[in-house]
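J.: Contents of entry.cif (mmCIF, C-alpha atoms and all ligand atoms) are given next:
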data_data
loop_
_atom_site.label_atom_id
_atom_site.label_comp_id
_atom_site.auth_asym_id
_atom_site.auth_seq_id
_atom_site.Cartn_x
_atom_site.Cartn_y
_atom_site.Cartn_z
CA MET A 1 -176.05 -108.44 -106.04
CA SER A 2 -172.78 -109.60 -107.57
CA HIS A 3 -170.22 -112.10 -106.34
CA ARG A 4 -167.61 -111.08 -103.81
CA ILE A 5 -164.44 -113.06 -104.44
CA LEU A 6 -161.83 -113.29 -101.70
CA ILE A 7 -158.40 -113.99 -103.22
CA PHE A 8 -155.82 -115.12 -100.69
CA ASP A 9 -152.04 -115.58 -100.77
CA SER A 10 -149.13 -115.24 -98.38
CA GLY A 11 -147.91 -112.20 -100.30
CA LEU A 12 -148.30 -110.43 -103.63
CA GLY A 13 -148.16 -113.60 -105.76
CA GLY A 14 -151.91 -114.09 -105.80
CA LEU A 15 -152.14 -110.93 -107.91
CA SER A 16 -151.40 -113.15 -110.93
CA VAL A 17 -154.67 -114.96 -110.16
CA ALA A 18 -156.51 -111.79 -109.11
CA ARG A 19 -155.75 -110.15 -112.47
CA ALA A 20 -157.18 -113.15 -114.33
CA VAL A 21 -160.28 -113.32 -112.10
CA MET A 22 -160.99 -109.59 -112.45
CA HIS A 23 -160.55 -109.85 -116.21
CA ARG A 24 -162.92 -112.80 -116.51
CA MET A 25 -165.48 -111.52 -113.99
CA PRO A 26 -165.58 -107.73 -114.40
CA GLY A 27 -168.88 -107.50 -112.49
CA ALA A 28 -167.57 -109.26 -109.38
CA GLN A 29 -166.14 -107.52 -106.33
CA ALA A 30 -162.58 -108.71 -105.70
CA ILE A 31 -160.95 -108.58 -102.29
CA TYR A 32 -157.24 -109.33 -102.14
CA ALA A 33 -155.90 -110.70 -98.86
CA ALA A 34 -152.23 -111.30 -98.10
CA ASP A 35 -150.88 -112.95 -94.97
CA ASN A 36 -147.77 -110.87 -95.40
CA ASP A 37 -146.93 -111.33 -91.71
CA GLY A 38 -146.56 -115.07 -92.40
CA PHE A 39 -144.63 -114.70 -95.70
CA PRO A 40 -142.90 -116.77 -96.99
CA TYR A 41 -145.07 -119.88 -96.50
CA GLY A 42 -142.55 -122.05 -98.36
CA ASP A 43 -140.47 -122.86 -95.28
CA TRP A 44 -143.18 -123.30 -92.62
CA PRO A 45 -143.59 -126.69 -90.83
CA GLN A 46 -146.76 -128.30 -92.24
CA ASP A 47 -148.82 -128.59 -89.03
CA LYS A 48 -148.15 -124.99 -87.98
CA LEU A 49 -148.96 -123.73 -91.46
CA VAL A 50 -152.35 -125.49 -91.61
CA GLU A 51 -153.27 -123.93 -88.24
CA ARG A 52 -152.14 -120.53 -89.42
CA ILE A 53 -154.05 -120.67 -92.71
CA VAL A 54 -157.29 -121.88 -91.07
CA GLU A 55 -157.03 -119.15 -88.45
CA VAL A 56 -156.28 -116.35 -90.92
CA LEU A 57 -159.02 -117.49 -93.31
CA GLY A 58 -161.49 -117.61 -90.42
CA ARG A 59 -160.75 -113.96 -89.65
CA LEU A 60 -160.90 -112.99 -93.32
CA ILE A 61 -164.19 -114.77 -93.96
CA SER A 62 -165.90 -113.10 -90.96
CA LEU A 63 -164.52 -109.74 -92.02
CA THR A 64 -165.31 -109.86 -95.73
CA VAL A 65 -168.25 -112.33 -96.09
CA PRO A 66 -167.21 -113.62 -99.53
CA SER A 67 -169.27 -115.77 -101.88
CA VAL A 68 -166.20 -117.69 -103.16
CA VAL A 69 -162.70 -118.02 -101.69
CA VAL A 70 -159.70 -118.49 -103.98
CA ILE A 71 -156.59 -119.86 -102.34
CA ALA A 72 -154.19 -118.24 -104.80
CA CYS A 73 -151.20 -119.99 -103.30
CA ASN A 74 -149.87 -123.43 -104.23
CA THR A 75 -148.04 -123.78 -100.91
CA ALA A 76 -151.31 -123.29 -99.01
CA SER A 77 -153.60 -125.17 -101.41
CA THR A 78 -151.53 -128.35 -101.58
CA LEU A 79 -151.63 -128.51 -97.78
CA ALA A 80 -154.75 -126.90 -96.37
CA LEU A 81 -157.60 -127.05 -98.91
CA GLU A 82 -159.17 -130.07 -97.29
CA ALA A 83 -159.01 -128.55 -93.79
CA LEU A 84 -160.52 -125.31 -95.10
CA ARG A 85 -163.38 -127.09 -96.88
CA GLN A 86 -164.13 -129.06 -93.73
CA ARG A 87 -164.09 -125.99 -91.54
CA PHE A 88 -165.98 -123.42 -93.64
CA GLU A 89 -169.19 -123.86 -95.61
CA LEU A 90 -168.12 -121.87 -98.62
CA PRO A 91 -166.87 -122.80 -102.07
CA PHE A 92 -163.05 -122.81 -102.20
CA VAL A 93 -161.03 -122.80 -105.41
CA GLY A 94 -157.41 -123.83 -104.98
CA THR A 95 -154.22 -123.39 -106.98
CA VAL A 96 -152.05 -126.48 -107.46
CA PRO A 97 -149.06 -127.01 -109.78
CA ALA A 98 -150.19 -127.31 -113.42
CA ILE A 99 -148.49 -130.67 -113.95
CA LYS A 100 -151.25 -132.10 -116.14
CA PRO A 101 -151.17 -129.32 -118.80
CA ALA A 102 -147.36 -129.38 -118.77
CA ALA A 103 -147.29 -133.15 -119.30
CA GLU A 104 -149.71 -132.68 -122.21
CA ALA A 105 -147.79 -129.75 -123.74
CA SER A 106 -144.34 -131.34 -123.60
CA LYS A 107 -142.98 -132.86 -126.79
CA SER A 108 -139.59 -133.87 -125.39
CA GLY A 109 -141.17 -135.67 -122.42
CA ILE A 110 -139.09 -133.69 -119.88
CA ILE A 111 -140.97 -131.18 -117.77
CA GLY A 112 -139.76 -128.95 -114.95
CA VAL A 113 -141.72 -127.77 -111.93
CA LEU A 114 -140.66 -124.60 -110.15
CA ALA A 115 -142.37 -124.25 -106.76
CA THR A 116 -141.62 -123.43 -103.15
CA PRO A 117 -139.74 -126.05 -101.07
CA GLY A 118 -143.03 -126.68 -99.22
CA THR A 119 -145.03 -127.39 -102.39
CA VAL A 120 -142.33 -129.69 -103.76
CA ASP A 121 -142.40 -131.75 -100.53
CA ARG A 122 -146.16 -132.24 -100.46
CA ALA A 123 -147.81 -135.63 -100.97
CA TYR A 124 -150.42 -133.71 -103.04
CA THR A 125 -147.76 -132.66 -105.57
CA GLN A 126 -146.35 -136.19 -105.79
CA ALA A 127 -149.87 -137.49 -106.40
CA LEU A 128 -150.27 -135.02 -109.32
CA VAL A 129 -147.02 -136.34 -110.82
CA ASP A 130 -148.08 -139.96 -110.37
CA THR A 131 -151.55 -139.37 -111.82
CA PHE A 132 -150.80 -137.09 -114.75
CA ALA A 133 -147.13 -137.37 -115.61
CA SER A 134 -145.95 -140.90 -114.82
CA HIS A 135 -145.04 -141.24 -118.53
CA ARG A 136 -142.85 -138.10 -118.34
CA THR A 137 -139.56 -137.18 -116.71
CA VAL A 138 -140.56 -134.64 -114.07
CA VAL A 139 -137.88 -132.46 -112.49
CA LEU A 140 -139.26 -130.89 -109.31
CA HIS A 141 -137.31 -128.01 -107.84
CA GLY A 142 -137.98 -126.18 -104.57
CA CYS A 143 -136.88 -122.58 -105.11
CA LYS A 144 -135.62 -121.04 -101.89
CA ASN A 145 -135.71 -117.39 -102.97
CA LEU A 146 -137.79 -117.04 -106.12
CA ALA A 147 -141.04 -115.89 -104.44
CA GLU A 148 -139.10 -113.26 -102.54
CA MET A 149 -137.37 -112.17 -105.75
CA ALA A 150 -140.78 -111.75 -107.38
CA GLU A 151 -141.89 -109.59 -104.44
CA HIS A 152 -138.77 -107.47 -104.91
CA CYS A 153 -139.44 -107.03 -108.63
CA LEU A 154 -143.01 -105.95 -107.95
CA ARG A 155 -141.83 -103.39 -105.44
CA GLY A 156 -139.35 -102.05 -107.97
CA LEU A 157 -136.29 -103.33 -106.09
CA PRO A 158 -133.34 -104.69 -108.10
CA VAL A 159 -133.04 -108.45 -108.66
CA ASP A 160 -129.82 -109.79 -110.05
CA ASP A 161 -130.01 -111.82 -113.30
CA GLU A 162 -127.41 -114.30 -112.11
CA ALA A 163 -129.22 -114.99 -108.85
CA LEU A 164 -132.49 -115.44 -110.75
CA ALA A 165 -130.85 -117.81 -113.25
CA ALA A 166 -129.42 -119.90 -110.38
CA GLU A 167 -132.90 -120.30 -108.84
CA ILE A 168 -134.37 -121.84 -111.98
CA ALA A 169 -131.33 -123.68 -113.40
CA PRO A 170 -132.04 -127.16 -111.89
CA VAL A 171 -135.18 -127.72 -114.01
CA PHE A 172 -133.29 -127.24 -117.28
CA VAL A 173 -131.95 -130.70 -118.02
CA GLN A 174 -130.57 -132.34 -121.10
CA GLN A 175 -130.79 -136.10 -121.68
CA GLY A 176 -129.13 -137.03 -124.95
CA GLU A 177 -131.13 -135.30 -127.70
CA ARG A 178 -133.95 -134.38 -125.32
CA GLN A 179 -134.21 -131.32 -123.11
CA THR A 180 -136.80 -129.75 -120.82
CA ASP A 181 -139.41 -128.01 -122.97
CA ALA A 182 -142.21 -127.17 -120.47
CA VAL A 183 -141.80 -125.56 -117.05
CA VAL A 184 -144.67 -125.26 -114.55
CA LEU A 185 -144.83 -121.98 -112.66
CA GLY A 186 -145.94 -123.76 -109.50
CA CYS A 187 -146.10 -120.72 -107.24
CA THR A 188 -148.44 -117.82 -107.94
CA HIS A 189 -145.58 -115.36 -107.56
CA TYR A 190 -143.72 -116.71 -110.57
CA PRO A 191 -146.11 -115.66 -113.41
CA LEU A 192 -145.62 -112.09 -112.22
CA ILE A 193 -141.96 -112.33 -113.29
CA ALA A 194 -142.41 -114.72 -116.22
CA ASP A 195 -140.65 -112.27 -118.56
CA ARG A 196 -137.60 -112.16 -116.32
CA ILE A 197 -137.62 -115.96 -115.97
CA ALA A 198 -137.80 -116.31 -119.78
CA GLU A 199 -134.90 -113.87 -120.19
CA VAL A 200 -132.54 -115.83 -117.95
CA SER A 201 -133.63 -119.32 -119.12
CA PRO A 202 -130.78 -121.25 -120.80
CA TRP A 203 -133.13 -122.11 -123.68
CA ARG A 204 -136.73 -121.39 -124.67
CA VAL A 205 -139.42 -123.43 -122.87
CA ASP A 206 -143.20 -123.17 -122.43
CA LEU A 207 -143.78 -121.49 -119.09
CA ILE A 208 -147.07 -122.91 -117.84
CA ASP A 209 -149.12 -120.27 -116.01
CA PRO A 210 -152.41 -121.60 -114.61
CA SER A 211 -153.97 -118.19 -113.78
CA ASP A 212 -156.57 -118.23 -116.58
CA ALA A 213 -157.62 -121.80 -115.84
CA ILE A 214 -158.12 -120.85 -112.18
CA ALA A 215 -160.18 -117.80 -113.17
CA ARG A 216 -162.36 -120.01 -115.39
CA GLN A 217 -162.92 -122.35 -112.47
CA VAL A 218 -163.83 -119.44 -110.17
CA ALA A 219 -166.40 -118.24 -112.73
CA ARG A 220 -167.83 -121.77 -113.03
CA VAL A 221 -168.16 -122.10 -109.26
CA ALA A 222 -169.69 -118.63 -108.93
CA ASP A 223 -172.27 -119.39 -111.61
CA SER A 224 -173.04 -122.88 -110.41
CA GLY A 225 -175.65 -121.85 -107.89
CA GLY A 226 -173.51 -123.18 -105.03
CA ALA A 227 -172.17 -119.71 -104.30
CA VAL A 228 -174.35 -117.06 -102.69
CA PRO A 229 -173.80 -113.57 -104.20
CA GLN A 230 -172.59 -111.20 -101.45
CA GLY A 231 -170.90 -108.44 -103.38
CA SER A 232 -171.71 -104.78 -103.69
CA ALA A 233 -170.65 -102.18 -106.20
CA ASP A 234 -167.71 -101.26 -103.97
CA PRO A 235 -164.30 -101.05 -105.64
CA PRO A 236 -161.73 -103.82 -105.08
CA THR A 237 -160.21 -103.72 -101.63
CA ALA A 238 -157.29 -105.40 -99.90
CA VAL A 239 -156.59 -106.82 -96.46
CA LEU A 240 -153.14 -107.42 -94.97
CA THR A 241 -151.99 -109.12 -91.78
CA LYS A 242 -149.15 -106.67 -91.27
CA SER A 243 -148.94 -103.01 -92.09
CA SER A 244 -146.72 -102.41 -95.11
CA ARG A 245 -146.49 -99.26 -97.14
CA ASP A 246 -144.83 -101.16 -100.01
CA PHE A 247 -147.71 -103.62 -100.23
CA VAL A 248 -150.30 -100.88 -100.14
CA ARG A 249 -148.48 -99.08 -102.98
CA VAL A 250 -148.27 -102.21 -105.20
CA LEU A 251 -151.88 -103.14 -104.45
CA ALA A 252 -153.05 -99.62 -105.26
CA GLN A 253 -151.30 -99.88 -108.66
CA GLU A 254 -153.33 -103.04 -109.27
CA GLY A 255 -156.56 -101.22 -108.42
CA PHE A 256 -156.96 -102.41 -104.81
CA ARG A 257 -157.27 -99.94 -102.01
CA ARG A 258 -156.64 -101.07 -98.45
CA ASN A 259 -159.63 -100.48 -96.26
CA ASP A 260 -159.01 -102.96 -93.48
CA LEU A 261 -155.94 -104.19 -91.73
CA ILE A 262 -155.98 -107.28 -89.54
CA VAL A 263 -153.01 -107.78 -87.31
CA LEU A 264 -152.82 -111.29 -85.89
N1 LIG B 1 -147.43 -117.63 -103.70
C1 LIG B 1 -147.20 -118.80 -102.92
C2 LIG B 1 -147.45 -120.07 -103.77
O1 LIG B 1 -148.17 -120.05 -104.76
C3 LIG B 1 -145.89 -118.98 -102.19
C4 LIG B 1 -145.06 -117.91 -101.67
C5 LIG B 1 -144.55 -118.23 -100.25
O2 LIG B 1 -143.53 -118.92 -100.10
O3 LIG B 1 -145.19 -117.78 -99.32
O4 LIG B 1 -146.94 -121.11 -103.46
#
Write the structure described by the file as structure tokens, please.

T.:
Amino acid sequence: MSHRILIFDSGLGGLSVARAVMHRMPGAQAIYAADNDGFPYGDWPQDKLVERIVEVLGRLISLTVPSVVVIACNTASTLALEALRQRFELPFVGTVPAIKPAAEASKSGIIGVLATPGTVDRAYTQALVDTFASHRTVVLHGCKNLAEMAEHCLRGLPVDDEALAAEIAPVFVQQGERQTDAVVLGCTHYPLIADRIAEVSPWRVDLIDPSDAIARQVARVADSGGAVPQGSADPPTAVLTKSSRDFVRVLAQEGFRRNDLIVL
């Protein structure tokens, strides 16, 4: 018996985490689940989004019987992790903006955080800033279109350099001699287009991608004895909440085949 890891996001962004998990845990069975019918999560009212996430996860957990659930979405984790842990007796690993490593990595003392408007508004995110970066200048920016742009890139659709540059521009600030030198990729979609983000950045910065740290945490939880192995030797599979040929094609390229489709 191996571990069956359910990796959940609103769209394709969680693939950045899925890749890292599959790399670190080659013997585990990965199941990728996207609530693509609810995408993007960034603009949802908070109460409705918690309800939605708890409902979708309930369906996914009954369907897939995972040993560990990874919420590979900052917008969902910063809002609903507590509700999920209360509701389901399973280990959950969340994804929250990597503000602590950015605050440690920065030499200039100015760090940027790119995330969805929802994540930027969360009390959870503000608490991370207060706890780990109160000695830093933190520029939080809610990107209206960046997750969607990442989805477009993954599907092979064109994304304009100028539009991309405009999405990230607000976190590049200059204060006298000092300028932003570390930028948190605070949405799991963004590491998937890190090269494009680097290309259109006004100057070179450290782009902080938490995927490996999350994969390490998943492995720790899976090996801790708190997770019950449920996996089989089946290949990685994927579950969607809305039929989409594009999604199935991208997921197949990543090694996931769709074997179930839930429509809510
Ligand atoms: N991938 C999700 C995150 O990490 C957000 C994308 C969305 O807006 O749904 O925040």

J.: Check the smallest atom-to-atom distance from each of A:Asp181, A:Asp161, A:Asp206, A:Asp234 to Met1 in chain A using only C-alpha atoms, then report the winner.

T.: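 Counting only C-alpha atoms, the residue closest to Met1 in chain A is A:Asp234.
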
J.: A:Ala147, A:Val113, A:Ala198, A:Ile168: which is nearest ligand LIG 1 (chain B), counting all atoms listed in the file?

T.: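 The closest residue to ligand LIG 1 (chain B) is A:Ala147.
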
J.: Which is closest to ligand LIG 1 (chain B) among A:Pro91, A:Gly11, A:Gly112, A:Pro236, if we use all atoms listed in the file?

T.: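 Distance minimum relative to ligand LIG 1 (chain B) lands on A:Gly11.
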
J.: Between A:Leu251, A:Ile110, A:Leu154, A:Thr95, which is the closest to Val17 in chain A once you count only C-alpha atoms?

T.: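 Residue with the minimum atom-to-atom distance to Val17 in chain A: A:Thr95.
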
J.: So which residues are near ligand LIG 1 (chain B), meaning at most 6 Å away with all atoms listed in the file counted, given back as a short mmCIF file (atom, residue, chain, number, x, y, z; two decimals) with C-alpha atoms, in the frame of the given file?

T.:
data_model
loop_
_atom_site.label_atom_id
_atom_site.label_comp_id
_atom_site.auth_asym_id
_atom_site.auth_seq_id
_atom_site.Cartn_x
_atom_site.Cartn_y
_atom_site.Cartn_z
CA ASP A 9 -152.04 -115.58 -100.77
CA SER A 10 -149.13 -115.24 -98.38
CA GLY A 13 -148.16 -113.60 -105.76
CA PHE A 39 -144.63 -114.70 -95.70
CA PRO A 40 -142.90 -116.77 -96.99
CA TYR A 41 -145.07 -119.88 -96.50
CA GLY A 42 -142.55 -122.05 -98.36
CA CYS A 73 -151.20 -119.99 -103.30
CA ASN A 74 -149.87 -123.43 -104.23
CA THR A 75 -148.04 -123.78 -100.91
CA THR A 116 -141.62 -123.43 -103.15
CA ALA A 147 -141.04 -115.89 -104.44
CA CYS A 187 -146.10 -120.72 -107.24
CA THR A 188 -148.44 -117.82 -107.94
CA HIS A 189 -145.58 -115.36 -107.56
#

J.: Do you have, as a Markdown table, the list of residues of range 87-206 of chain A lying at most 12 Å from range 44-49 of chain A, each with its nearest atom pair and that distance in Å to one decimal, counting only C-alpha atoms and ordered by chain then number?

T.:
| residue | atom | partner | partner_atom | distance |
| --- | --- | --- | --- | --- |
| A:Thr116 | CA | A:Trp44 | CA | 10.6 |
| A:Pro117 | CA | A:Trp44 | CA | 9.5 |
| A:Gly118 | CA | A:Trp44 | CA | 7.4 |
| A:Thr119 | CA | A:Gln46 | CA | 10.3 |
| A:Asp121 | CA | A:Gln46 | CA | 10.0 |
| A:Arg122 | CA | A:Gln46 | CA | 9.1 |
| A:Ala123 | CA | A:Gln46 | CA | 11.4 |

J.: Between A:Ile197, A:Leu128, A:Val54, A:Val218, which has the minimum distance to Leu185 in chain A (counting only C-alpha atoms)?

T.: A:Ile197

J.: Interatomic distance between CA of Pro170 in chain A and CA of Val139 in chain A?

T.: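 Pair CA of Pro170 in chain A / CA of Val139 in chain A returns 7.9 Å.
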
J.: Counting only C-alpha atoms, which of A:Arg59, A:Arg4, A:Arg196, A:Arg136 gets nearest to Val159 in chain A?

T.: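 Closest candidate: A:Arg196.
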
J.: Rounded to one decimal, what separation in Å do you get between CA of Val183 in chain A and CA of Ala80 in chain A?

T.: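 Separation of CA of Val183 in chain A and CA of Ala80 in chain A: 24.4 Å.
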